[in-house]
Amino acid sequence: MFTHNLIESSLPSLSTRLLRNKRHYLVNGGLYPSVTTVIGHRKADFFAEWRKTVTPEEAAYGANRGTWLHTTVEKYLRNDDDIFVHRKSEVISEVIGKRLFNQVKPFLDEHIGVIRAIEPALYSDVLTMAGRTDLVAEYKGPLSIVDFKTSKTKKRVDWLEDYFLQVTAYSIMWTELTKIPIKQGVVLITAEDNTCEEHIVNTEDYEERLAEVILEYFHDVHGAQLKALV
């Protein structure tokens with residue numbers, strides 16, 4: 001059983017909108033781009049080309065795999081009795097889903113301490129971004145932003161910068177909204193090749209890079225809008 005000291009009720013409840021086919025959050029009457037929209041902007045062309053090479057079913061597979069894992073982990077962290085949720089409409093099989101969960105489960109059992117929020121919506125007026133992180137909890141002691149990922153195979157560390165930037169953004173948002181500082185980010189990647197990776201980062205080490213990525217995004221997006229008006 002996990003210990004909860006939740007502050008979710010004091011956090012915002014944000015609705016989403018699509019703007020230029022990208023997810024944005026309605027914040028105080030304005031629209032903030034999602035964390036994944038901003039950080040993934042640099043690779044938008046790459047993924048657009050990738051989608052041309054796969055079937056719609058193949059493209060949907062990764063998203064369904066992630067949804068299955070996140071739903072199961074959330075129920076487990078909330079101490080629900082029946083944690084396995086599977087719908088026939090989902091691409092991923094229940095066998096694969098359960099294996100992915102069982103690989104990450106020991107990390108949860110051994111290292112998760114007091115849980116402060118599960119799937120909270122967060123935003124930052126400083127970063128002008130918003131999003132929803134997987135978990136805010138003690139992990140091996142320090143309060144952390146914990147993010148769960150799925151993959152086909154084990155990933156090289158030099159491919160993970162976007163994940164580290166995501167947990168950095170959420171740590172800044174959490175600190176800004178709650179005044180409770182977080183400086184540790186945890187990324188757990190459970191893969192179909194029977195591996196589960198744990199990556200723990202000091203989010204302060206990625207703040208400068210995050211600022212560069214945010215500036216690049218707004219320069220590209222708003223620069224294009226300004227050119228269209230000329």
# chains A, B, ... in the order shown; residues from 1 in each chain; ligands from 1
$ closest_atom_pairs --of "segment 74-125 of chain A" --to "segment 147-154 of chain A" --cutoff "10 Å" --atoms "only C-alpha atoms" --output "CSV"
residue,atom,partner,partner_atom,distance
A:Gly97,CA,A:Thr150,CA,9.9
A:Leu100,CA,A:Thr150,CA,7.7
A:Phe101,CA,A:Thr150,CA,9.7
A:Val104,CA,A:Phe148,CA,8.8
A:Glu119,CA,A:Asp147,CA,9.9
$ write_last_selection --atoms "C-alpha atoms" --output "PDB file, in the first residue's frame"
ATOM      1  CA  GLY A  97       0.848  -4.763 -21.133  1.00  0.00           C
ATOM      2  CA  LEU A 100       5.594  -4.033 -19.161  1.00  0.00           C
ATOM      3  CA  PHE A 101       3.895  -3.260 -15.849  1.00  0.00           C
ATOM      4  CA  VAL A 104       8.380  -1.418 -13.650  1.00  0.00           C
ATOM      5  CA  GLU A 119      -1.397  12.833 -13.019  1.00  0.00           C
TER       6      GLU A 119
END
$ residues_around --residues "Ile96 of chain A" --least-positions-apart "2" --cutoff "12 Å" --atoms "only C-alpha atoms" --output "list in words"
Tyr61, Asn64, Arg65, Gly66, Trp68, Leu69, Phe84, His86, Glu90, Val91, Ile92, Ser93, Glu94, Lys98, Arg99, Leu100, Phe101, Asn102, Gln103, Thr150, Ser151, Lys152, Thr190, Ala191, Glu192, Asp193 and Asn194 of chain A
$ write_last_selection --atoms "N, CA and C atoms" --output "mmCIF file, in the first residue's frame"
data_model
loop_
_atom_site.group_PDB
_atom_site.id
_atom_site.type_symbol
_atom_site.label_atom_id
_atom_site.label_comp_id
_atom_site.auth_asym_id
_atom_site.auth_seq_id
_atom_site.Cartn_x
_atom_site.Cartn_y
_atom_site.Cartn_z
ATOM 1 N N TYR A 61 0.174 2.201 -32.220
ATOM 2 C CA TYR A 61 0.596 1.170 -31.268
ATOM 3 C C TYR A 61 1.310 1.765 -30.054
ATOM 4 N N ASN A 64 -1.067 3.563 -27.671
ATOM 5 C CA ASN A 64 -1.894 2.623 -26.925
ATOM 6 C C ASN A 64 -1.096 1.890 -25.859
ATOM 7 N N ARG A 65 0.144 1.557 -26.182
ATOM 8 C CA ARG A 65 1.012 0.898 -25.207
ATOM 9 C C ARG A 65 1.236 1.804 -24.002
ATOM 10 N N GLY A 66 1.519 3.073 -24.260
ATOM 11 C CA GLY A 66 1.728 4.021 -23.176
ATOM 12 C C GLY A 66 0.473 4.232 -22.354
ATOM 13 N N TRP A 68 -2.001 2.123 -21.895
ATOM 14 C CA TRP A 68 -2.239 0.927 -21.080
ATOM 15 C C TRP A 68 -1.376 0.961 -19.824
ATOM 16 N N LEU A 69 -0.093 1.269 -19.995
ATOM 17 C CA LEU A 69 0.807 1.282 -18.834
ATOM 18 C C LEU A 69 0.417 2.384 -17.858
ATOM 19 N N PHE A 84 -5.562 -3.990 -13.529
ATOM 20 C CA PHE A 84 -5.378 -4.255 -14.960
ATOM 21 C C PHE A 84 -6.623 -3.863 -15.741
ATOM 22 N N HIS A 86 -8.017 -3.438 -19.608
ATOM 23 C CA HIS A 86 -7.734 -3.764 -21.005
ATOM 24 C C HIS A 86 -9.021 -3.673 -21.805
ATOM 25 N N GLU A 90 -8.036 -1.541 -27.943
ATOM 26 C CA GLU A 90 -6.642 -1.130 -27.874
ATOM 27 C C GLU A 90 -5.769 -2.044 -28.716
ATOM 28 N N VAL A 91 -4.716 -1.469 -29.278
ATOM 29 C CA VAL A 91 -3.824 -2.219 -30.149
ATOM 30 C C VAL A 91 -2.971 -3.191 -29.340
ATOM 31 N N ILE A 92 -2.513 -2.747 -28.187
ATOM 32 C CA ILE A 92 -1.584 -3.558 -27.393
ATOM 33 C C ILE A 92 -2.317 -4.746 -26.756
ATOM 34 N N SER A 93 -1.654 -5.888 -26.699
ATOM 35 C CA SER A 93 -2.254 -7.053 -26.061
ATOM 36 C C SER A 93 -2.099 -6.957 -24.552
ATOM 37 N N GLU A 94 -2.991 -7.622 -23.845
ATOM 38 C CA GLU A 94 -2.930 -7.600 -22.382
ATOM 39 C C GLU A 94 -1.675 -8.302 -21.883
ATOM 40 N N LYS A 98 0.811 -6.402 -19.357
ATOM 41 C CA LYS A 98 1.121 -6.903 -18.014
ATOM 42 C C LYS A 98 2.622 -7.100 -17.837
ATOM 43 N N ARG A 99 3.301 -7.544 -18.889
ATOM 44 C CA ARG A 99 4.750 -7.717 -18.783
ATOM 45 C C ARG A 99 5.436 -6.372 -18.579
ATOM 46 N N LEU A 100 5.000 -5.361 -19.317
ATOM 47 C CA LEU A 100 5.594 -4.033 -19.161
ATOM 48 C C LEU A 100 5.372 -3.508 -17.747
ATOM 49 N N PHE A 101 4.168 -3.712 -17.218
ATOM 50 C CA PHE A 101 3.895 -3.260 -15.849
ATOM 51 C C PHE A 101 4.729 -4.026 -14.834
ATOM 52 N N ASN A 102 4.800 -5.334 -14.975
ATOM 53 C CA ASN A 102 5.533 -6.142 -14.002
ATOM 54 C C ASN A 102 7.029 -5.818 -13.992
ATOM 55 N N GLN A 103 7.540 -5.279 -15.110
ATOM 56 C CA GLN A 103 8.949 -4.878 -15.144
ATOM 57 C C GLN A 103 9.188 -3.591 -14.356
ATOM 58 N N THR A 150 7.256 3.871 -22.261
ATOM 59 C CA THR A 150 7.340 2.532 -22.826
ATOM 60 C C THR A 150 8.153 2.576 -24.105
ATOM 61 N N SER A 151 8.678 1.419 -24.480
ATOM 62 C CA SER A 151 9.520 1.356 -25.667
ATOM 63 C C SER A 151 9.526 -0.067 -26.209
ATOM 64 N N LYS A 152 9.934 -0.198 -27.470
ATOM 65 C CA LYS A 152 10.132 -1.530 -28.035
ATOM 66 C C LYS A 152 11.415 -2.152 -27.483
ATOM 67 N N THR A 190 10.069 1.141 -19.481
ATOM 68 C CA THR A 190 9.864 -0.300 -19.543
ATOM 69 C C THR A 190 9.657 -0.701 -20.999
ATOM 70 N N ALA A 191 10.403 -1.718 -21.449
ATOM 71 C CA ALA A 191 10.457 -2.042 -22.875
ATOM 72 C C ALA A 191 10.034 -3.481 -23.143
ATOM 73 N N GLU A 192 9.677 -3.720 -24.393
ATOM 74 C CA GLU A 192 9.223 -5.043 -24.804
ATOM 75 C C GLU A 192 10.365 -6.048 -24.920
ATOM 76 N N ASP A 193 11.610 -5.587 -24.820
ATOM 77 C CA ASP A 193 12.740 -6.517 -24.858
ATOM 78 C C ASP A 193 13.128 -6.986 -23.452
ATOM 79 N N ASN A 194 12.158 -6.880 -22.518
ATOM 80 C CA ASN A 194 12.319 -7.365 -21.132
ATOM 81 C C ASN A 194 13.300 -6.537 -20.308
#
$ residues_around --residues "Val186 of chain A" --least-positions-apart "3" --cutoff "6 Å" --atoms "only C-alpha atoms" --output "ChimeraX atom specification"
/A:146,199-200
$ write_last_selection --atoms "C-alpha atoms" --output "PDB file, in the first residue's frame"
ATOM      1  CA  VAL A 146       8.441  10.681 -11.978  1.00  0.00           C
ATOM      2  CA  HIS A 199      17.277   7.389 -15.049  1.00  0.00           C
ATOM      3  CA  ILE A 200      17.601   9.908 -12.210  1.00  0.00           C
TER       4      ILE A 200
END
$ residues_around --residues "segment 78-82 of chain A" --least-positions-apart "5" --cutoff "12 Å" --atoms "only C-alpha atoms" --output "count of residues only"
17
$ atom_distance --atom1 "atom CA of Lys22 of chain A" --atom2 "atom CA of Val38 of chain A"
9.5 Å
$ closest_residue --among "A:Lys140, A:Lys183, A:Lys155, A:Arg209" --to "Cys196 of chain A" --atoms "only C-alpha atoms"
A:Lys155
$ select_by_dssp --residues "segment 94-201 of chain A" --states "alpha helix (DSSP H)" --output "number ranges by chain"
A: 94-111, 161-178
$ residues_around --residues "Thr178 of chain A" --least-positions-apart "2" --cutoff "12 Å" --atoms "only C-alpha atoms" --output "list of chain:residue names"
A:Ile7, A:Glu8, A:Ser9, A:Ser10, A:Leu11, A:Pro12, A:Arg116, A:Ala117, A:Pro120, A:Leu122, A:Tyr123, A:Ser124, A:Val136, A:Tyr170, A:Ser171, A:Ile172, A:Met173, A:Trp174, A:Thr175, A:Glu176, A:Ile180, A:Pro181, A:Ile182
$ write_last_selection --atoms "C-alpha atoms" --output "compact mmCIF listing (two decimals), in the first residue's frame"
# COMPACT_ATOMS: atom_id res chain seq x y z
CA ILE A 7 -2.50 18.09 -2.76
CA GLU A 8 -4.23 17.50 -6.09
CA SER A 9 -7.33 19.45 -5.03
CA SER A 10 -5.24 22.63 -4.72
CA LEU A 11 -3.81 22.29 -8.23
CA PRO A 12 -5.49 23.64 -11.39
CA ARG A 116 1.86 14.07 -3.38
CA ALA A 117 0.03 14.01 -6.73
CA PRO A 120 -1.65 16.49 -11.90
CA LEU A 122 0.53 21.94 -14.08
CA TYR A 123 1.46 25.20 -15.76
CA SER A 124 4.02 27.96 -15.54
CA VAL A 136 4.96 13.60 -7.95
CA TYR A 170 7.33 19.88 -14.68
CA SER A 171 9.66 20.44 -11.73
CA ILE A 172 9.66 24.18 -12.48
CA MET A 173 5.86 24.24 -12.86
CA TRP A 174 5.33 22.33 -9.61
CA THR A 175 7.67 24.60 -7.67
CA GLU A 176 6.05 27.72 -9.14
CA ILE A 180 7.44 23.14 -2.77
CA PRO A 181 10.79 22.77 -4.52
CA ILE A 182 11.66 19.74 -6.63
